[in-house]
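Visitor: First the structure, then my questions, so here it is.
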Protein chains: 2
Amino acid sequence: MWAAVLRKGNIEVTQVPDPVPGPGQVLVKSLSCGICGSDLHTFQGATGAAVMARRTGSPFDFDPERDLIFGHEVCTEILEYGPETQGSLKPGTRVTSVPVGFAGGRMHAIGFSNDLPGGFAERMLLTESLLIEVPEGLSNEQVVCAEPMSVGWHAVKEAGLSTDEVPLVMGCGPVGLAVIAGLKILGMHPIVAADFSPLRRRLAASFGADVVVDPKDVSPFKQWDEVAVPNGRALPAMGYEAFYSAYASRRPCVVFECVGAPGVIQQILEGVPPNTRVIVVGVCLTVDSIQPVFAVNKMMTLKFVLGYTPDEFRESLQHIASGKINVRPMITGRVGLSGVLQAFQDLQNPMQHAKIVVEPKRQNWYERTLSRFAGVGAAESR
Amino acid sequence: MWAAVLRKGNIEVTQVPDPVPGPGQVLVKSLSCGICGSDLHTFQGATGAAVMARRTGSPFDFDPERDLIFGHEVCTEILEYGPETQGSLKPGTRVTSVPVGFAGGRMHAIGFSNDLPGGFAERMLLTESLLIEVPEGLSNEQVVCAEPMSVGWHAVKEAGLSTDEVPLVMGCGPVGLAVIAGLKILGMHPIVAADFSPLRRRLAASFGADVVVDPKDVSPFKQWDEVAVPNGRALPAMGYEAFYSAYASRRPCVVFECVGAPGVIQQILEGVPPNTRVIVVGVCLTVDSIQPVFAVNKMMTLKFVLGYTPDEFRESLQHIASGKINVRPMITGRVGLSGVLQAFQDLQNPMQHAKIVVEPKRQNWYERTLSRFAGVGAAESR
C-alpha cells in the first residue's frame, strides 16, 4: 500500500507491505486522518520524542531508527476481519477508534508505533473491541475531529469546574477550540479566549468563546479582569489591597493553557489573580522557565492533563453528531499522501491553518500515473 | 529600645524609638522569636524580595530603603494597652499572635514591615483582637514554634489527603518537619522523608517520619516505591507497562516539596510515578527550570500553598500544648540580638541547625556594659 512514512527524519511517500490483521484485529481503509500537533513535534525531533516518551513512562514508545507511519485521528472503513474476531459490523461500514492497538503482545499508540501503521497510509489495523460505528450523516472529516475534541473534553472534565469560575483559554488551535467547545457544553459563561491569529480567533468565537482577544493588542488577563468582575468595573492593579479583596469581588479564574510553548506558563503565573487554577493541556516539549514564587504567593494550582478516556471519545463523537459542536470551520486544508510534508510546513503558520486532514485516496499526478502504468495497488484502484 | 535592624542590606544592633500602641494595639515585650527561612531570603536580597512581593500581589510589601525589623514567630508578654482596646488579658500575660498587624490604615506583615517592628527587638505592637493567650506549661520556645508548625499544618490540610496516599516529604527543615508532624496527626502511614543533613533526618524521625533517606545514598523516589507497593516488591523501572499497571499495584504518591531550591521541582517531575500530586510548600525565589512534558505525561498536579489561617495557627499551638508535637528537639540554637547576624550565617548550614530563636533579653558583654554605664533602656533593665 501507499503510505507517508517517517524514515530517518524525512517523510517519504512510498509503498510498504499491506498490514495483515492478527487475532482480534480488523483491516480498515483510512478514509480521512487529521494531522495533530504531536505529529509535528515528533517529526521535528523523533529521537528526542522517543527518549522523552521512555523517560516519562509514556506508552508512546517507538524506535526512531525504524519506519513509523503517523496518523491517529482516524475515520476508516472496514475491509477484512482477522482471526478471533466477531465480525459484527459488515465490511464497508465506516468506523473510528481510540488510537490504541495491540501487537507483539504489547500496547501501541497507533500513529506513534513502528508496528501499527497510522492513518497516513491506505490501510491500517484497528482492534475490533474498540471499534465505534460512525453515526449517520457525519462526514469523514467530522469523524476525524472526534479525537482532538476528546482532548479538550477530557481537560474540561478533569478541571472539575464550578459554574462560578470564569475560564480563560490561552491558544485557540485545535486543542484550544476543543476546550472552548467543552466549556460551552458544560454551560460555562462567559468564556474568554486569546490567540494571535485572526483565523483562530474567528474559530474561537464560532466554537463558543464569548470574548476573544488578540494578545498583541490587549492583555488576556486584563480582559479577563473586566469580564470576571460582576459589576464590570476593573479592579486596581495587583497589590495587597487587591490580594485580599479580589476573592470577594471577582469570580474565580481558571486558565486553560493550550499553547504548549515555553514561557506561557510563566506569563500565566504573572498575569492571573490569586487562587487561580491552571489546567495545562498544551504540551511544551522543551525546557521551560518559571518563577515558582508567583505560584506560591498566588496560591495557585497547576493541573497537567493528558489524553482522554474511551467514554470521553464516544461522548465527543456524539457531540459532533448531535450538532453540539460544529467542527467544519476548523478544517482548513485537505491533502493526499504526497501533500503531508507540505501540510506539516503549512501548519507552522497559525494564521493560515487550524486542522489539515489527510485523505490517502487523494492522489497527485505522479501517483496516478505511476499506478496506471505499473498497475500497483495505489489508492484509486480500491 | 534595642533592636536588630535590617538597614540598607546589613543587620545592625542599635537603639530605635520605642513603639507606641495605636488604637486596637497592644505593646508587648518580645520574649522569644524564631528565625525563619524567609528572613534569610529577604536579608540576602531585600530589594528583590520587595519587588517580587509587589509583582506577585503579596501583602509582604515594604520599602527596602527604609529600616525593617525581622521576626514573625513570636512569644511575647503584654506590657501596655493602646486606646480603643478591651484590656481583657492583664499585663504580664504571655501571648502570641498571627504575625499580621494594622498601621497607617493598611495591613502589614509583622516582621516584613517598615512600620511595625518584628520580634528581633525588645518590644513590638500586636493587635488585641488577634492575641492568643499562651496555654499553661509551654516554654517561650514552644510557643514560637506554633508559627512554623502552622505552615506545615496548612499544607497538609490544603492537600486534601486520602489515607490511601503515601506521602514523600522532600526536605526536613522546619517546614518539612511541620509537614511531617501534620501528616502524623492526620494518621497518614507510612511517611517517607528525605534530607541530606543527618541532624534533620534524626529530627524527621522524631517528628514522625517512618522511613528517612539520605538522597546521597538512596533515591527518595526508589525508596518511596519500595514502601508504597503493598507487598513490598519494587516495581520495574518506569516504562509503558508500569505506566498502566502502576495505579493498581502502588498506593498513590503525594510529594511535599519543602526545599524551595531551584531544580527540586524538576527532580520530582522526573522521579515520581504517574498521577502524583505535588504540594509545593518550599519557596524558590529564583528562576527555576522545568520540563513540562514530564508533568503532562504523568498527569500530575502541582499545588502551591502559602501561609495558614488563624484557626490553623490556634490548632498548631494546641498540638504543641497537648503534646501531639514535640518541637523541643527542633531548637538548635539561642541567641541575643547581637547574635542575629551570626545566626543567619549559621542557618546556612543545615548540617548544624534547624531552628534558632532570638531572645532579645539575652545580651552580650558589650550591651550589658553599655546599658550599665549609659543607663539606657536595655533589655535587662526591664
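Chain labels run A, B, ... following the order of the C-alpha cells; each chain numbers its residues from 1, and ligands are numbered from 1 in the order shown.
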As a list in words, please: all residues of region 2-117 of chain B that backbone DSSP puts in alpha helix (DSSP H).
Guide: Gly37, Ser38, Asp39, Leu40, His41, Thr42, Phe43, Gln44, Ala46, Thr47, Gly48, Ala49, Ala50, Val51, Met52, Ala53, Arg54 and Arg55 of chain B
Visitor: Write the residues of the preceding selection, restricted to N, CA and C atoms, as a PDB file, in the first residue's frame.
Guide:
ATOM      1  N   GLY B  37      13.230  30.888  57.424  1.00  0.00           N
ATOM      2  CA  GLY B  37      13.888  30.892  56.119  1.00  0.00           C
ATOM      3  C   GLY B  37      13.573  32.141  55.322  1.00  0.00           C
ATOM      4  N   SER B  38      12.360  32.664  55.456  1.00  0.00           N
ATOM      5  CA  SER B  38      12.035  33.868  54.668  1.00  0.00           C
ATOM      6  C   SER B  38      12.778  35.092  55.189  1.00  0.00           C
ATOM      7  N   ASP B  39      13.163  35.091  56.483  1.00  0.00           N
ATOM      8  CA  ASP B  39      14.035  36.165  56.978  1.00  0.00           C
ATOM      9  C   ASP B  39      15.383  36.105  56.244  1.00  0.00           C
ATOM     10  N   LEU B  40      15.923  34.881  56.141  1.00  0.00           N
ATOM     11  CA  LEU B  40      17.216  34.717  55.462  1.00  0.00           C
ATOM     12  C   LEU B  40      17.127  35.169  54.014  1.00  0.00           C
ATOM     13  N   HIS B  41      16.070  34.711  53.322  1.00  0.00           N
ATOM     14  CA  HIS B  41      15.913  35.067  51.909  1.00  0.00           C
ATOM     15  C   HIS B  41      15.814  36.581  51.750  1.00  0.00           C
ATOM     16  N   THR B  42      15.037  37.220  52.609  1.00  0.00           N
ATOM     17  CA  THR B  42      14.832  38.661  52.485  1.00  0.00           C
ATOM     18  C   THR B  42      16.116  39.411  52.823  1.00  0.00           C
ATOM     19  N   PHE B  43      16.858  38.900  53.805  1.00  0.00           N
ATOM     20  CA  PHE B  43      18.150  39.506  54.145  1.00  0.00           C
ATOM     21  C   PHE B  43      19.100  39.437  52.946  1.00  0.00           C
ATOM     22  N   GLN B  44      19.102  38.270  52.280  1.00  0.00           N
ATOM     23  CA  GLN B  44      20.016  38.093  51.144  1.00  0.00           C
ATOM     24  C   GLN B  44      19.650  38.984  49.965  1.00  0.00           C
ATOM     25  N   ALA B  46      16.867  41.977  49.880  1.00  0.00           N
ATOM     26  CA  ALA B  46      15.672  42.697  50.322  1.00  0.00           C
ATOM     27  C   ALA B  46      14.990  43.407  49.159  1.00  0.00           C
ATOM     28  N   THR B  47      15.785  44.007  48.280  1.00  0.00           N
ATOM     29  CA  THR B  47      15.181  44.739  47.170  1.00  0.00           C
ATOM     30  C   THR B  47      14.426  43.783  46.262  1.00  0.00           C
ATOM     31  N   GLY B  48      15.089  42.685  45.936  1.00  0.00           N
ATOM     32  CA  GLY B  48      14.441  41.674  45.098  1.00  0.00           C
ATOM     33  C   GLY B  48      13.173  41.155  45.742  1.00  0.00           C
ATOM     34  N   ALA B  49      13.227  40.902  47.042  1.00  0.00           N
ATOM     35  CA  ALA B  49      12.061  40.384  47.746  1.00  0.00           C
ATOM     36  C   ALA B  49      10.914  41.380  47.726  1.00  0.00           C
ATOM     37  N   ALA B  50      11.266  42.666  47.909  1.00  0.00           N
ATOM     38  CA  ALA B  50      10.231  43.704  47.907  1.00  0.00           C
ATOM     39  C   ALA B  50       9.598  43.841  46.527  1.00  0.00           C
ATOM     40  N   VAL B  51      10.440  43.807  45.510  1.00  0.00           N
ATOM     41  CA  VAL B  51       9.940  43.913  44.143  1.00  0.00           C
ATOM     42  C   VAL B  51       9.022  42.727  43.837  1.00  0.00           C
ATOM     43  N   MET B  52       9.486  41.535  44.236  1.00  0.00           N
ATOM     44  CA  MET B  52       8.712  40.336  43.960  1.00  0.00           C
ATOM     45  C   MET B  52       7.387  40.363  44.714  1.00  0.00           C
ATOM     46  N   ALA B  53       7.427  40.860  45.962  1.00  0.00           N
ATOM     47  CA  ALA B  53       6.200  40.958  46.751  1.00  0.00           C
ATOM     48  C   ALA B  53       5.180  41.808  46.009  1.00  0.00           C
ATOM     49  N   ARG B  54       5.660  42.925  45.481  1.00  0.00           N
ATOM     50  CA  ARG B  54       4.732  43.806  44.775  1.00  0.00           C
ATOM     51  C   ARG B  54       4.224  43.156  43.489  1.00  0.00           C
ATOM     52  N   ARG B  55       5.158  42.536  42.748  1.00  0.00           N
ATOM     53  CA  ARG B  55       4.767  41.939  41.458  1.00  0.00           C
ATOM     54  C   ARG B  55       3.796  40.783  41.630  1.00  0.00           C
TER      55      ARG B  55
END
Visitor: From a DSSP pass on the backbone, collect the residues of region 106-176 of chain A flagged as strand (DSSP E or B) and hand them back as a PyMOL selection string.
Guide: chain A and resi 106-109+121+123-127+132-133+166-170
Visitor: Counting only C-alpha atoms, which residues from chain A have an atom at most 7 Å from any atom of chain B, and could you show them as a count of residues only?
Guide: 34
Visitor: Tell me, as a PDB file with N, CA, C and O atoms, in the first residue's frame, which residues lie within 10 Å of Thr85 (chain A), counting only C-alpha atoms; anything in the same chain fewer than 2 positions away does not count.
Guide:
ATOM      1  N   GLY A  22      -4.047  -9.449  12.674  1.00  0.00           N
ATOM      2  CA  GLY A  22      -3.796 -10.547  13.590  1.00  0.00           C
ATOM      3  C   GLY A  22      -5.041 -10.834  14.417  1.00  0.00           C
ATOM      4  O   GLY A  22      -6.110 -10.284  14.150  1.00  0.00           O
ATOM      5  N   PRO A  23      -4.912 -11.679  15.439  1.00  0.00           N
ATOM      6  CA  PRO A  23      -6.059 -12.012  16.281  1.00  0.00           C
ATOM      7  C   PRO A  23      -6.700 -10.762  16.893  1.00  0.00           C
ATOM      8  O   PRO A  23      -5.998  -9.920  17.434  1.00  0.00           O
ATOM      9  N   GLY A  24      -8.020 -10.647  16.750  1.00  0.00           N
ATOM     10  CA  GLY A  24      -8.747  -9.515  17.334  1.00  0.00           C
ATOM     11  C   GLY A  24      -8.679  -8.246  16.512  1.00  0.00           C
ATOM     12  O   GLY A  24      -9.297  -7.242  16.862  1.00  0.00           O
ATOM     13  N   GLN A  25      -7.926  -8.295  15.391  1.00  0.00           N
ATOM     14  CA  GLN A  25      -7.726  -7.072  14.595  1.00  0.00           C
ATOM     15  C   GLN A  25      -8.597  -7.039  13.349  1.00  0.00           C
ATOM     16  O   GLN A  25      -9.038  -8.069  12.845  1.00  0.00           O
ATOM     17  N   VAL A  26      -8.779  -5.806  12.867  1.00  0.00           N
ATOM     18  CA  VAL A  26      -9.581  -5.576  11.675  1.00  0.00           C
ATOM     19  C   VAL A  26      -8.760  -4.734  10.705  1.00  0.00           C
ATOM     20  O   VAL A  26      -8.183  -3.719  11.109  1.00  0.00           O
ATOM     21  N   TYR A  81     -11.751  -8.846   8.374  1.00  0.00           N
ATOM     22  CA  TYR A  81     -11.519  -9.220   9.770  1.00  0.00           C
ATOM     23  C   TYR A  81     -10.377 -10.224   9.900  1.00  0.00           C
ATOM     24  O   TYR A  81     -10.239 -11.122   9.073  1.00  0.00           O
ATOM     25  N   GLY A  82      -9.589 -10.107  10.948  1.00  0.00           N
ATOM     26  CA  GLY A  82      -8.569 -11.092  11.261  1.00  0.00           C
ATOM     27  C   GLY A  82      -9.166 -12.245  12.061  1.00  0.00           C
ATOM     28  O   GLY A  82     -10.377 -12.271  12.314  1.00  0.00           O
ATOM     29  N   PRO A  83      -8.315 -13.201  12.464  1.00  0.00           N
ATOM     30  CA  PRO A  83      -8.798 -14.328  13.273  1.00  0.00           C
ATOM     31  C   PRO A  83      -9.270 -13.860  14.659  1.00  0.00           C
ATOM     32  O   PRO A  83      -8.906 -12.774  15.104  1.00  0.00           O
ATOM     33  N   GLY A  87     -16.814 -10.034  13.923  1.00  0.00           N
ATOM     34  CA  GLY A  87     -17.306  -9.582  12.626  1.00  0.00           C
ATOM     35  C   GLY A  87     -18.711  -9.021  12.682  1.00  0.00           C
ATOM     36  O   GLY A  87     -19.492  -9.163  11.741  1.00  0.00           O
ATOM     37  N   SER A  88     -19.042  -8.359  13.762  1.00  0.00           N
ATOM     38  CA  SER A  88     -20.430  -7.907  13.927  1.00  0.00           C
ATOM     39  C   SER A  88     -20.788  -6.728  13.014  1.00  0.00           C
ATOM     40  O   SER A  88     -21.949  -6.524  12.708  1.00  0.00           O
ATOM     41  N   THR A 127      -8.422  -2.450  16.457  1.00  0.00           N
ATOM     42  CA  THR A 127      -8.817  -3.548  17.335  1.00  0.00           C
ATOM     43  C   THR A 127     -10.336  -3.640  17.335  1.00  0.00           C
ATOM     44  O   THR A 127     -11.012  -2.627  17.565  1.00  0.00           O
ATOM     45  N   GLU A 128     -10.872  -4.838  17.065  1.00  0.00           N
ATOM     46  CA  GLU A 128     -12.326  -4.954  16.902  1.00  0.00           C
ATOM     47  C   GLU A 128     -13.087  -4.441  18.121  1.00  0.00           C
ATOM     48  O   GLU A 128     -14.084  -3.736  17.998  1.00  0.00           O
ATOM     49  N   SER A 129     -12.591  -4.799  19.313  1.00  0.00           N
ATOM     50  CA  SER A 129     -13.332  -4.436  20.530  1.00  0.00           C
ATOM     51  C   SER A 129     -13.383  -2.924  20.765  1.00  0.00           C
ATOM     52  O   SER A 129     -14.187  -2.447  21.562  1.00  0.00           O
TER      53      SER A 129
END
Visitor: Which is closest to Arg66 (chain A) among A:Pro310, A:Pro198, A:Gly339, A:Gly9, if we use only C-alpha atoms?
Guide: A:Gly9
Visitor: Which residues, written as a PyMOL selection string, have at least one atom at most 6 Å from region 353-358 of chain A, with only C-alpha atoms counted and residues fewer than 2 positions away on the same chain left out?
Guide: chain A and resi 32-35+173+330-336+347+350
Visitor: So that I have them on file, write out the residues from the current selection with N, CA, C and O atoms, as a tab-separated table (two decimals), in the first residue's frame.
Guide:
chain	number	residue	atom	x	y	z
A	32	SER	N	-9.94	9.25	6.03
A	32	SER	CA	-9.51	10.61	6.35
A	32	SER	C	-8.80	10.56	7.69
A	32	SER	O	-9.18	9.79	8.57
A	33	CYS	N	-7.76	11.38	7.83
A	33	CYS	CA	-6.97	11.32	9.07
A	33	CYS	C	-6.39	12.70	9.36
A	33	CYS	O	-5.74	13.29	8.50
A	34	GLY	N	-6.64	13.22	10.55
A	34	GLY	CA	-6.17	14.56	10.89
A	34	GLY	C	-4.68	14.59	11.20
A	34	GLY	O	-4.11	13.61	11.67
A	35	ILE	N	-4.06	15.74	10.93
A	35	ILE	CA	-2.67	15.98	11.35
A	35	ILE	C	-2.73	16.69	12.70
A	35	ILE	O	-3.42	17.71	12.85
A	173	GLY	N	-5.75	26.93	18.89
A	173	GLY	CA	-5.55	25.88	17.91
A	173	GLY	C	-6.59	24.80	18.17
A	173	GLY	O	-7.50	24.99	18.98
A	330	MET	N	-13.25	24.29	11.34
A	330	MET	CA	-11.89	24.05	11.82
A	330	MET	C	-11.00	23.42	10.75
A	330	MET	O	-9.78	23.56	10.78
A	331	ILE	N	-11.62	22.72	9.80
A	331	ILE	CA	-10.82	22.05	8.76
A	331	ILE	C	-10.40	23.08	7.73
A	331	ILE	O	-11.21	23.61	6.99
A	332	THR	N	-9.12	23.37	7.70
A	332	THR	CA	-8.63	24.44	6.82
A	332	THR	C	-7.82	23.90	5.65
A	332	THR	O	-7.31	24.67	4.85
A	333	GLY	N	-7.71	22.58	5.53
A	333	GLY	CA	-6.97	22.03	4.40
A	333	GLY	C	-7.16	20.54	4.26
A	333	GLY	O	-7.48	19.85	5.24
A	334	ARG	N	-7.02	20.07	3.03
A	334	ARG	CA	-7.15	18.64	2.72
A	334	ARG	C	-6.02	18.28	1.78
A	334	ARG	O	-5.80	18.99	0.79
A	335	VAL	N	-5.30	17.23	2.08
A	335	VAL	CA	-4.19	16.81	1.21
A	335	VAL	C	-4.22	15.30	1.02
A	335	VAL	O	-4.81	14.57	1.84
A	336	GLY	N	-3.56	14.84	-0.06
A	336	GLY	CA	-3.30	13.42	-0.24
A	336	GLY	C	-2.00	13.06	0.47
A	336	GLY	O	-1.37	13.91	1.12
A	347	LEU	N	1.24	24.00	8.53
A	347	LEU	CA	0.66	24.07	9.87
A	347	LEU	C	1.53	24.87	10.85
A	347	LEU	O	1.09	25.21	11.95
A	350	PRO	N	0.04	29.53	12.07
A	350	PRO	CA	-1.30	29.50	12.66
A	350	PRO	C	-2.23	30.56	12.06
A	350	PRO	O	-3.43	30.55	12.34
Visitor: Quick one: of B:Leu138, B:Val16, B:Ile180, B:Leu31, who's nearest to His154 (chain B), counting only C-alpha atoms?
Guide: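 Closest candidate: B:Ile180.
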Visitor: What is the CA of Phe62 (chain B) to CA of Ala109 (chain B) distance in Å?
Guide: 9.2 Å
Visitor: Just to confirm, what's the straight-line distance from CA of Arg250 (chain A) to CA of Met188 (chain A) in Å (one decimal)?
Guide: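 For CA of Arg250 (chain A) relative to CA of Met188 (chain A), the distance reads 15.7 Å.
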Visitor: Hey, what's within 10 Å of Thr14 (chain A) if we count only C-alpha atoms and toss same-chain stuff fewer than 2 positions away? As an NGL selection string, please?
Guide: :A and (1-5 or 11-12 or 16 or 121 or 337-338 or 367)
Visitor: Please list as number ranges by chain every residue within 10 Å of Ala204 (chain B), counting only C-alpha atoms and excluding residues in the same chain fewer than 2 positions away.
Guide: B: 169, 171-174, 176-181, 191-195, 198-202, 206-213, 330
Visitor: Please produce a file of the residues just selected, as a short mmCIF file (atom, residue, chain, number, x, y, z; two decimals), in the first residue's frame, where the atoms kept are N, CA, C and O atoms.
Guide:
data_model
loop_
_atom_site.label_atom_id
_atom_site.label_comp_id
_atom_site.auth_asym_id
_atom_site.auth_seq_id
_atom_site.Cartn_x
_atom_site.Cartn_y
_atom_site.Cartn_z
N VAL B 169 8.11 13.45 51.85
CA VAL B 169 8.46 14.81 52.23
C VAL B 169 9.90 15.08 51.81
O VAL B 169 10.83 14.44 52.31
N GLY B 171 12.92 17.38 52.00
CA GLY B 171 13.46 18.48 52.79
C GLY B 171 12.90 18.48 54.19
O GLY B 171 11.68 18.53 54.37
N CYS B 172 13.78 18.38 55.19
CA CYS B 172 13.34 18.27 56.59
C CYS B 172 13.86 19.43 57.44
O CYS B 172 14.30 19.24 58.58
N GLY B 173 13.82 20.63 56.88
CA GLY B 173 14.00 21.83 57.68
C GLY B 173 12.72 22.05 58.48
O GLY B 173 11.84 21.19 58.50
N PRO B 174 12.60 23.20 59.15
CA PRO B 174 11.41 23.44 59.97
C PRO B 174 10.09 23.21 59.23
O PRO B 174 9.16 22.64 59.80
N GLY B 176 9.53 21.24 56.52
CA GLY B 176 9.38 19.80 56.30
C GLY B 176 8.99 19.08 57.58
O GLY B 176 8.12 18.20 57.56
N LEU B 177 9.61 19.46 58.69
CA LEU B 177 9.27 18.85 59.98
C LEU B 177 7.81 19.14 60.34
O LEU B 177 7.09 18.26 60.83
N ALA B 178 7.38 20.36 60.07
CA ALA B 178 5.99 20.73 60.36
C ALA B 178 5.03 19.90 59.51
O ALA B 178 3.97 19.47 59.98
N VAL B 179 5.40 19.66 58.25
CA VAL B 179 4.57 18.83 57.37
C VAL B 179 4.51 17.41 57.93
O VAL B 179 3.43 16.80 58.01
N ILE B 180 5.66 16.87 58.32
CA ILE B 180 5.69 15.51 58.88
C ILE B 180 4.78 15.43 60.11
O ILE B 180 3.98 14.50 60.25
N ALA B 181 4.89 16.42 61.00
CA ALA B 181 4.06 16.43 62.20
C ALA B 181 2.57 16.45 61.83
O ALA B 181 1.76 15.72 62.40
N ILE B 191 5.05 7.43 56.33
CA ILE B 191 5.55 8.73 55.88
C ILE B 191 7.02 8.57 55.50
O ILE B 191 7.82 8.12 56.32
N VAL B 192 7.35 8.92 54.26
CA VAL B 192 8.75 8.84 53.79
C VAL B 192 9.30 10.26 53.76
O VAL B 192 8.60 11.18 53.32
N ALA B 193 10.53 10.45 54.22
CA ALA B 193 11.12 11.79 54.23
C ALA B 193 12.57 11.70 53.77
O ALA B 193 13.23 10.67 53.91
N ALA B 194 13.06 12.80 53.19
CA ALA B 194 14.43 12.82 52.66
C ALA B 194 15.11 14.14 52.97
O ALA B 194 14.51 15.21 52.82
N ASP B 195 16.36 14.06 53.43
CA ASP B 195 17.18 15.26 53.63
C ASP B 195 18.65 14.84 53.63
O ASP B 195 19.00 13.76 54.10
N PRO B 198 22.19 14.79 58.37
CA PRO B 198 21.92 13.77 59.39
C PRO B 198 21.09 14.33 60.55
O PRO B 198 20.18 13.67 61.04
N LEU B 199 21.40 15.57 60.95
CA LEU B 199 20.63 16.21 62.02
C LEU B 199 19.15 16.27 61.65
O LEU B 199 18.27 15.90 62.43
N ARG B 200 18.88 16.74 60.45
CA ARG B 200 17.49 16.92 60.03
C ARG B 200 16.80 15.57 59.80
O ARG B 200 15.60 15.44 60.01
N ARG B 201 17.57 14.56 59.40
CA ARG B 201 16.97 13.21 59.27
C ARG B 201 16.58 12.68 60.65
O ARG B 201 15.52 12.07 60.80
N ARG B 202 17.44 12.92 61.65
CA ARG B 202 17.08 12.49 63.02
C ARG B 202 15.82 13.21 63.49
O ARG B 202 14.92 12.60 64.07
N SER B 206 12.06 11.85 64.63
CA SER B 206 11.44 12.19 65.91
C SER B 206 10.11 12.91 65.71
O SER B 206 9.23 12.85 66.56
N PHE B 207 9.92 13.57 64.57
CA PHE B 207 8.64 14.23 64.27
C PHE B 207 7.61 13.25 63.69
O PHE B 207 6.46 13.61 63.52
N GLY B 208 8.03 12.03 63.34
CA GLY B 208 7.03 11.05 62.91
C GLY B 208 7.26 10.39 61.57
O GLY B 208 6.41 9.60 61.12
N ALA B 209 8.37 10.70 60.88
CA ALA B 209 8.62 10.03 59.60
C ALA B 209 8.95 8.55 59.87
O ALA B 209 9.69 8.23 60.79
N ASP B 210 8.37 7.67 59.07
CA ASP B 210 8.58 6.23 59.27
C ASP B 210 9.83 5.74 58.55
O ASP B 210 10.51 4.84 59.01
N VAL B 211 10.11 6.33 57.39
CA VAL B 211 11.29 5.95 56.61
C VAL B 211 12.00 7.24 56.23
O VAL B 211 11.38 8.14 55.65
N VAL B 212 13.27 7.35 56.59
CA VAL B 212 14.01 8.58 56.31
C VAL B 212 15.24 8.22 55.48
O VAL B 212 15.99 7.31 55.84
N VAL B 213 15.43 8.93 54.36
CA VAL B 213 16.55 8.59 53.48
C VAL B 213 17.48 9.78 53.26
O VAL B 213 17.06 10.93 53.31
N MET B 330 13.79 20.51 67.83
CA MET B 330 14.00 21.33 66.64
C MET B 330 14.83 22.58 66.94
O MET B 330 15.48 23.14 66.05
#
Visitor: State, in Å with one decimal place, the distance from CA of Asp164 (chain B) to CA of Ile185 (chain B).
Guide: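 Interatomic distance, CA of Asp164 (chain B) to CA of Ile185 (chain B): 15.3 Å.
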